[in-house]
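> File start06.cif follows (mmCIF, C-alpha atoms and all ligand atoms):
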data_final
#
loop_
_atom_site.label_atom_id
_atom_site.label_comp_id
_atom_site.auth_asym_id
_atom_site.auth_seq_id
_atom_site.Cartn_x
_atom_site.Cartn_y
_atom_site.Cartn_z
CA MET A 1 -123.10 -420.63 64.23
CA ALA A 2 -124.97 -423.40 62.54
CA GLU A 3 -126.08 -426.38 64.63
CA VAL A 4 -124.08 -429.26 63.13
CA ARG A 5 -125.44 -432.80 63.53
CA ILE A 6 -123.03 -435.57 62.55
CA VAL A 7 -124.90 -438.77 61.68
CA SER A 8 -123.65 -442.26 60.93
CA SER A 9 -125.40 -442.60 57.55
CA PRO A 10 -127.54 -440.69 55.04
CA ALA A 11 -130.50 -442.82 56.16
CA GLU A 12 -130.05 -441.67 59.76
CA GLY A 13 -129.81 -438.05 58.57
CA GLY A 14 -132.92 -438.48 56.44
CA ALA A 15 -134.87 -439.93 59.37
CA LEU A 16 -133.75 -437.12 61.69
CA VAL A 17 -134.89 -434.41 59.29
CA ALA A 18 -138.09 -436.23 58.29
CA ASP A 19 -139.10 -436.67 61.94
CA HIS A 20 -138.71 -432.94 62.45
CA ILE A 21 -140.68 -432.06 59.29
CA ALA A 22 -143.45 -434.54 60.17
CA ALA A 23 -143.76 -433.00 63.66
CA ARG A 24 -143.91 -429.50 62.20
CA VAL A 25 -146.57 -430.55 59.66
CA THR A 26 -148.62 -432.23 62.36
CA ALA A 27 -148.50 -429.02 64.43
CA ASN A 28 -149.20 -426.84 61.37
CA PRO A 29 -150.74 -428.70 58.41
CA ASP A 30 -150.27 -425.63 56.17
CA PHE A 31 -146.49 -425.87 56.61
CA THR A 32 -144.37 -424.85 53.61
CA LEU A 33 -141.35 -426.97 52.73
CA GLY A 34 -138.55 -425.74 50.48
CA VAL A 35 -137.48 -428.75 48.44
CA ALA A 36 -134.14 -429.48 46.80
CA THR A 37 -133.33 -431.98 44.07
CA GLY A 38 -130.20 -434.01 43.34
CA SER A 39 -129.14 -437.06 45.37
CA THR A 40 -128.69 -435.47 48.79
CA PRO A 41 -132.34 -434.98 49.90
CA LEU A 42 -133.45 -438.44 48.70
CA PRO A 43 -133.04 -440.07 52.15
CA VAL A 44 -135.26 -437.31 53.60
CA TYR A 45 -137.94 -437.97 50.98
CA ALA A 46 -137.69 -441.73 51.55
CA ALA A 47 -138.18 -441.19 55.29
CA LEU A 48 -141.06 -438.76 54.68
CA ARG A 49 -142.78 -441.43 52.57
CA GLU A 50 -142.49 -443.79 55.55
CA ARG A 51 -144.04 -441.13 57.82
CA ALA A 52 -146.88 -440.69 55.29
CA ALA A 53 -147.45 -444.46 55.21
CA ALA A 54 -147.52 -444.44 59.02
CA GLY A 55 -150.27 -441.83 59.04
CA THR A 56 -148.74 -438.33 58.89
CA ASP A 57 -151.04 -436.21 56.72
CA PHE A 58 -149.04 -434.02 54.32
CA SER A 59 -152.01 -433.15 52.11
CA ARG A 60 -152.18 -429.47 53.12
CA MET A 61 -148.43 -428.87 52.92
CA SER A 62 -147.07 -426.54 50.21
CA ALA A 63 -143.68 -426.81 48.56
CA PHE A 64 -141.33 -424.53 46.66
CA ALA A 65 -138.42 -425.97 44.68
CA LEU A 66 -135.02 -424.30 44.60
CA ASP A 67 -134.40 -424.42 40.89
CA GLU A 68 -135.17 -425.77 37.43
CA TYR A 69 -133.15 -426.32 34.27
CA VAL A 70 -133.82 -423.98 31.36
CA GLY A 71 -135.02 -425.44 28.10
CA ILE A 72 -135.84 -429.05 28.92
CA PRO A 73 -139.49 -430.07 28.64
CA VAL A 74 -141.31 -430.18 31.98
CA ASP A 75 -142.19 -433.83 31.33
CA HIS A 76 -138.50 -434.78 30.79
CA PRO A 77 -137.77 -437.32 33.56
CA GLU A 78 -134.89 -435.17 34.85
CA SER A 79 -136.67 -431.82 34.80
CA TYR A 80 -137.02 -430.70 38.40
CA HIS A 81 -140.79 -430.50 37.82
CA SER A 82 -140.71 -434.26 37.17
CA VAL A 83 -138.27 -435.06 39.98
CA ILE A 84 -140.31 -433.19 42.61
CA ASP A 85 -143.52 -434.72 41.32
CA ARG A 86 -142.01 -438.23 41.52
CA GLU A 87 -140.17 -437.88 44.83
CA VAL A 88 -142.43 -435.56 46.81
CA THR A 89 -145.82 -434.55 45.35
CA GLN A 90 -147.21 -437.96 44.41
CA PRO A 91 -145.85 -440.12 47.24
CA LEU A 92 -146.69 -437.63 50.00
CA GLY A 93 -150.11 -436.85 48.56
CA LEU A 94 -149.55 -433.11 48.09
CA VAL A 95 -152.02 -431.10 46.04
CA PRO A 96 -150.11 -430.37 42.77
CA THR A 97 -151.30 -426.74 42.70
CA ARG A 98 -149.53 -426.19 46.03
CA VAL A 99 -146.21 -427.39 44.63
CA HIS A 100 -144.17 -424.70 42.91
CA VAL A 101 -141.14 -425.09 40.65
CA PRO A 102 -139.53 -422.23 38.70
CA ASP A 103 -140.58 -421.99 35.06
CA GLY A 104 -137.60 -422.97 32.91
CA SER A 105 -139.36 -422.73 29.55
CA ILE A 106 -137.70 -420.41 27.03
CA ASP A 107 -141.05 -418.81 26.43
CA GLY A 108 -141.34 -416.35 29.29
CA ILE A 109 -137.80 -416.86 30.57
CA GLN A 110 -137.33 -413.09 30.93
CA THR A 111 -139.94 -412.94 33.68
CA ALA A 112 -139.44 -416.39 35.25
CA GLY A 113 -137.39 -415.13 38.19
CA GLU A 114 -139.68 -412.24 39.01
CA ARG A 115 -142.80 -414.41 38.78
CA TYR A 116 -141.31 -417.02 41.10
CA GLU A 117 -140.24 -414.41 43.65
CA ARG A 118 -143.75 -412.95 43.64
CA SER A 119 -145.38 -416.36 44.12
CA MET A 120 -143.12 -417.05 47.12
CA VAL A 121 -143.76 -413.68 48.72
CA ASP A 122 -147.53 -413.84 48.08
CA HIS A 123 -147.58 -417.29 49.64
CA GLY A 124 -145.88 -416.07 52.81
CA GLY A 125 -142.46 -417.67 52.35
CA VAL A 126 -140.88 -420.98 53.24
CA ASP A 127 -140.87 -422.48 56.74
CA LEU A 128 -138.01 -424.93 56.26
CA GLN A 129 -135.67 -425.01 53.27
CA LEU A 130 -133.83 -428.25 52.47
CA LEU A 131 -130.45 -427.63 50.85
CA GLY A 132 -127.69 -429.70 49.34
CA ILE A 133 -124.32 -428.25 48.45
CA GLY A 134 -122.53 -428.60 45.12
CA THR A 135 -118.85 -429.49 44.87
CA THR A 136 -118.41 -425.90 43.63
CA GLY A 137 -120.00 -424.67 46.87
CA HIS A 138 -123.27 -423.72 45.21
CA LEU A 139 -126.59 -423.56 47.08
CA GLY A 140 -129.48 -423.91 44.69
CA PHE A 141 -127.59 -423.23 41.46
CA ASN A 142 -125.90 -420.10 42.80
CA GLU A 143 -122.43 -420.76 41.48
CA PRO A 144 -119.33 -419.01 42.89
CA GLY A 145 -119.59 -415.25 42.51
CA SER A 146 -123.33 -415.14 43.20
CA SER A 147 -124.38 -412.18 45.31
CA PHE A 148 -125.63 -412.87 48.83
CA ALA A 149 -128.50 -410.50 47.92
CA SER A 150 -129.42 -412.31 44.67
CA LEU A 151 -133.04 -413.22 43.95
CA THR A 152 -134.53 -415.85 41.62
CA ARG A 153 -133.00 -415.47 38.17
CA VAL A 154 -131.34 -417.26 35.28
CA LYS A 155 -127.82 -418.52 35.98
CA THR A 156 -125.22 -420.34 33.92
CA LEU A 157 -124.06 -423.65 35.39
CA THR A 158 -120.32 -424.18 35.78
CA GLU A 159 -118.71 -426.96 33.76
CA GLN A 160 -118.03 -428.72 37.08
CA THR A 161 -121.73 -428.73 38.02
CA ARG A 162 -122.66 -429.99 34.56
CA LEU A 163 -120.10 -432.79 34.93
CA ASP A 164 -121.42 -433.61 38.43
CA ASN A 165 -124.98 -433.82 37.06
CA THR A 166 -124.11 -435.84 33.96
CA ARG A 167 -125.04 -438.96 35.94
CA PHE A 168 -128.71 -437.99 35.62
CA PHE A 169 -128.50 -437.73 31.81
CA SER A 170 -127.12 -439.96 29.06
CA SER A 171 -124.24 -437.61 28.20
CA LEU A 172 -122.67 -434.28 29.19
CA ASP A 173 -124.11 -432.68 26.05
CA GLU A 174 -127.61 -433.33 27.35
CA VAL A 175 -127.05 -431.47 30.62
CA PRO A 176 -128.57 -428.01 30.30
CA ILE A 177 -126.23 -425.02 30.54
CA HIS A 178 -128.72 -422.63 32.10
CA CYS A 179 -131.11 -422.79 35.01
CA VAL A 180 -133.58 -420.64 36.92
CA THR A 181 -132.56 -420.67 40.57
CA GLN A 182 -133.68 -419.03 43.78
CA GLY A 183 -131.02 -416.50 44.70
CA LEU A 184 -129.01 -416.61 47.90
CA GLY A 185 -131.12 -413.70 49.14
CA THR A 186 -134.26 -415.74 48.41
CA ILE A 187 -132.89 -418.78 50.24
CA LEU A 188 -131.92 -416.66 53.25
CA ARG A 189 -135.55 -415.52 53.66
CA ALA A 190 -136.65 -419.07 54.56
CA ARG A 191 -137.30 -419.33 58.30
CA HIS A 192 -135.10 -422.39 58.87
CA LEU A 193 -132.32 -423.75 56.65
CA VAL A 194 -131.41 -427.44 56.77
CA LEU A 195 -128.24 -428.13 54.81
CA LEU A 196 -127.43 -431.79 54.20
CA ALA A 197 -124.16 -433.22 52.89
CA PHE A 198 -123.11 -436.84 52.53
CA GLY A 199 -119.86 -438.36 51.29
CA ALA A 200 -116.21 -437.34 51.13
CA GLY A 201 -116.76 -435.46 47.88
CA LYS A 202 -118.63 -432.78 49.83
CA ALA A 203 -116.12 -432.38 52.69
CA ASP A 204 -114.20 -429.38 51.29
CA ALA A 205 -117.26 -427.39 50.22
CA LEU A 206 -119.07 -428.18 53.46
CA ALA A 207 -116.16 -427.06 55.68
CA ALA A 208 -115.74 -423.87 53.65
CA ALA A 209 -119.47 -423.14 53.87
CA VAL A 210 -119.78 -423.76 57.61
CA GLU A 211 -116.42 -422.51 58.90
CA GLY A 212 -114.71 -420.61 56.09
CA PRO A 213 -114.77 -416.89 55.40
CA LEU A 214 -118.00 -415.29 54.26
CA THR A 215 -117.44 -414.79 50.55
CA ALA A 216 -119.42 -414.83 47.31
CA SER A 217 -116.68 -417.13 46.01
CA MET A 218 -118.14 -419.78 48.33
CA PRO A 219 -121.92 -419.37 47.99
CA GLY A 220 -122.52 -421.93 50.74
CA SER A 221 -120.96 -419.54 53.26
CA ALA A 222 -124.17 -417.48 52.95
CA ILE A 223 -125.68 -419.83 55.56
CA GLN A 224 -123.52 -418.04 58.15
CA LEU A 225 -125.79 -414.99 57.68
CA HIS A 226 -128.88 -416.94 58.77
CA ALA A 227 -130.04 -417.11 62.39
CA HIS A 228 -131.43 -420.66 62.25
CA VAL A 229 -129.38 -423.21 60.34
CA THR A 230 -129.08 -426.96 60.93
CA VAL A 231 -126.33 -428.83 59.10
CA VAL A 232 -126.77 -432.61 58.86
CA VAL A 233 -123.66 -434.46 57.68
CA ASP A 234 -122.25 -437.96 57.69
CA GLU A 235 -118.73 -438.66 58.96
CA ALA A 236 -117.18 -438.44 55.48
CA ALA A 237 -118.70 -435.03 54.70
CA ALA A 238 -117.78 -433.83 58.22
CA SER A 239 -114.14 -434.92 57.90
CA LYS A 240 -112.73 -431.44 57.13
CA LEU A 241 -114.61 -429.57 59.88
CA LYS A 242 -112.20 -427.95 62.36
CA HIS A 243 -114.69 -427.65 65.22
CA ASP A 244 -116.10 -431.16 64.95
CA ALA A 245 -115.24 -431.94 68.59
CA TYR A 246 -117.45 -429.06 69.66
CA TYR A 247 -120.32 -430.15 67.41
CA ARG A 248 -120.13 -433.68 68.84
CA TRP A 249 -120.03 -432.28 72.40
CA ALA A 250 -123.10 -430.10 71.73
CA GLN A 251 -124.87 -433.04 70.12
CA SER A 252 -124.18 -435.40 73.02
CA ASN A 253 -125.44 -432.75 75.45
CA SER A 254 -128.53 -431.90 73.44
CA PRO A 255 -131.49 -431.68 75.84
CA ASP A 256 -134.87 -433.23 74.95
CA TRP A 257 -136.39 -429.79 74.54
CA GLN A 258 -133.88 -428.77 71.88
CA GLN A 259 -135.39 -428.88 68.40
CA LEU A 260 -133.55 -429.42 65.15
C1 LIG B 1 -130.70 -429.04 43.81
C2 LIG B 1 -129.74 -427.97 43.97
C3 LIG B 1 -128.28 -428.20 44.12
C4 LIG B 1 -127.90 -429.54 44.73
C5 LIG B 1 -126.39 -429.72 44.69
C6 LIG B 1 -125.97 -431.05 45.26
O1 LIG B 1 -132.02 -428.51 43.69
O2 LIG B 1 -130.15 -426.87 43.94
O3 LIG B 1 -127.74 -427.18 44.92
O4 LIG B 1 -128.37 -429.61 46.04
O5 LIG B 1 -125.95 -429.63 43.37
O6 LIG B 1 -126.40 -432.06 44.41
P1 LIG B 1 -126.36 -433.57 44.88
O7 LIG B 1 -127.28 -433.65 46.03
O8 LIG B 1 -126.88 -434.35 43.70
O9 LIG B 1 -124.96 -433.87 45.23
#
Would it be possible to restate this file's structure as structure tokens?


Amino acid sequence: MAEVRIVSSPAEGGALVADHIAARVTANPDFTLGVATGSTPLPVYAALRERAAAGTDFSRMSAFALDEYVGIPVDHPESYHSVIDREVTQPLGLVPTRVHVPDGSIDGIQTAGERYERSMVDHGGVDLQLLGIGTTGHLGFNEPGSSFASLTRVKTLTEQTRLDNTRFFSSLDEVPIHCVTQGLGTILRARHLVLLAFGAGKADALAAAVEGPLTASMPGSAIQLHAHVTVVVDEAAASKLKHDAYYRWAQSNSPDWQQL
């Protein structure tokens, strides 16, 4: 079962996760972080920037992004290349060649998934993967029906996901229809998964992912197949969890030696 940590705010969740990442990077400067985009991980990145300002050296860390839109220029402000560069690479002082994002250009799209898989495997994998969850239950952009064994490939976004992401663009028409995303099988190879969810809009998907049946119809439920998962949620996102009393009990009895 995932370790569920219920926090009072996204900022508290971000600080909790950032403290853990900073400690891991200090112990192993060549740490590899799996980075997500969207709104959810922003408090983690904000807290990591504070750790960098306070002296944590992230310069040898590598990063692999979960996904990228197909067909928008890499320098578009909402391409995930741009978002990761803005939120993570520049402010944390990472070396750009150590930061990897799937190639969403039409030219070469046929091999984009395979090339990304190879770069991850050659690198030695991801130590900690940050994840958000979509209202459809997607992890990365693995929409309902995605195989638990899937690898990085092109997927079609659901209309719901496009609507959810319209806020980053000027209209729904501008939101790409296709993406290149790590598969659920790719995500499950990371050594530690940290799934974050904030707000009531995520409560149904989060409860189904953490406590519901294991099914490709709820891609988030794939986390139940992983041996080391930490779920960090605020009260609103935790509101549909059936075992929340147990999670709170475990949390209040968490010994000092217990890591995230
Ligand atoms: C982002 C990603 C998605 C988002 C999810 C939640 O790289 O792969 O799975 O994590 O769509 O998005 P937000 O955080 O914007 O609610």

> Neighbouring residues of A:Asp103 were defined as those with any atom within 12 Å, considering all atoms listed in the file; residues of the same chain fewer than 3 positions away were excluded. Please report them as a ChimeraX atom specification.

/A:64-74,79-81,100,106-117,119,152-154,179-182

> Enumerate as a PyMOL selection string the residues within 7 Å of ligand LIG 1 (chain B), counting all atoms listed in the file.

chain A and resi 36-41+65-67+131-134+138-141+161+165

> Dump as a Markdown table the rows for residues of stretch 97-151 of chain A within 9 Å of stretch 206-218 of chain A: closest atom pair and distance in Å with one decimal, all atoms listed in the file counted, ordered by chain and rising residue number.


| residue | atom | partner | partner_atom | distance |
| --- | --- | --- | --- | --- |
| A:Ile133 | CA | A:Leu206 | CA | 7.3 |
| A:Thr135 | CA | A:Leu206 | CA | 8.7 |
| A:Thr136 | CA | A:Met218 | CA | 7.7 |
| A:Gly137 | CA | A:Met218 | CA | 5.4 |
| A:His138 | CA | A:Met218 | CA | 7.2 |
| A:Glu143 | CA | A:Met218 | CA | 8.1 |
| A:Pro144 | CA | A:Ser217 | CA | 4.5 |
| A:Gly145 | CA | A:Ala216 | CA | 4.8 |
| A:Ser146 | CA | A:Ala216 | CA | 5.7 |
| A:Ser147 | CA | A:Ala216 | CA | 6.0 |
| A:Phe148 | CA | A:Ala216 | CA | 6.7 |

> Do you have the atom CA of A:His20-atom CA of A:Gln259 distance handy?

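For atom CA of A:His20 relative to atom CA of A:Gln259, the distance reads 7.9 Å.
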
> Can you tell me which residues surround A:Ala227 at a distance of at most 12 Å, considering all atoms listed in the file, apart from same-chain residues fewer than 3 positions away, and format the answer as a list in words?

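Residues near the query, excluding close chain neighbours: Met1, Ala2, Glu3, Leu188, Arg189, Ala190, Arg191, His192, Leu193, Val194, Ala222, Ile223, Gln224 and Thr230 of chain A.
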
> Using only C-alpha atoms, determine which residues lie at most 6 Å from A:Pro43, disregarding the query and same-chain residues fewer than 3 positions distant; provide the list as a PDB file with C-alpha atoms, in the coordinates of the input.


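So the final result, stored in out_26.pdb, reads:
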ATOM      1  CA  ALA A  11    -130.500-442.820  56.160  1.00  0.00           C
ATOM      2  CA  GLY A  14    -132.920-438.480  56.440  1.00  0.00           C
ATOM      3  CA  ALA A  46    -137.690-441.730  51.550  1.00  0.00           C
TER       4      ALA A  46
END

> At most 9 Å from (-120.6, -435.6, 65.4), file frame, only C-alpha atoms: which residues, as a PyMOL selection string?

chain A and resi 4-8+233-235+238+244-252

> Write out, as a compact mmCIF listing (two decimals), keeping the file's coordinate frame, the residues just selected, with C-alpha atoms.


# COMPACT_ATOMS: atom_id res chain seq x y z
CA VAL A 4 -124.08 -429.26 63.13
CA ARG A 5 -125.44 -432.80 63.53
CA ILE A 6 -123.03 -435.57 62.55
CA VAL A 7 -124.90 -438.77 61.68
CA SER A 8 -123.65 -442.26 60.93
CA VAL A 233 -123.66 -434.46 57.68
CA ASP A 234 -122.25 -437.96 57.69
CA GLU A 235 -118.73 -438.66 58.96
CA ALA A 238 -117.78 -433.83 58.22
CA ASP A 244 -116.10 -431.16 64.95
CA ALA A 245 -115.24 -431.94 68.59
CA TYR A 246 -117.45 -429.06 69.66
CA TYR A 247 -120.32 -430.15 67.41
CA ARG A 248 -120.13 -433.68 68.84
CA TRP A 249 -120.03 -432.28 72.40
CA ALA A 250 -123.10 -430.10 71.73
CA GLN A 251 -124.87 -433.04 70.12
CA SER A 252 -124.18 -435.40 73.02

> Find the distance between atom CA of A:Ser254 and atom CA of A:Phe31 and write it in Å to one decimal.

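Result for atom CA of A:Ser254 versus atom CA of A:Phe31: 25.3 Å, one decimal.
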
> What does the structure give for the distance between atom CA of A:Ser62 and atom CA of A:Asp30, in Å to one decimal?

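We find that atom CA of A:Ser62 and atom CA of A:Asp30 lie 6.8 Å from each other.
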
> Tell me which of A:Val25, A:Leu33, A:Asp204, A:Gly93 sits closest to A:Ala53, counting only C-alpha atoms.

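Closest to A:Ala53 of all the choices is A:Gly93.
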
> Identify, on the basis of all atoms listed in the file, every residue whose closest approach to A:Leu172 does not exceed 7 Å; exclude the query and any residue fewer than 2 positions from it along the same chain; express the result as a list in words.

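Residues near the query, excluding close chain neighbours: Arg162, Leu163, Thr166, Glu174 and Val175 of chain A.
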
> Calculated over only C-alpha atoms, which of the candidates A:Leu92, A:Ile187, A:Leu130, A:Ala197 has the smallest distance to A:His226?

A:Ile187
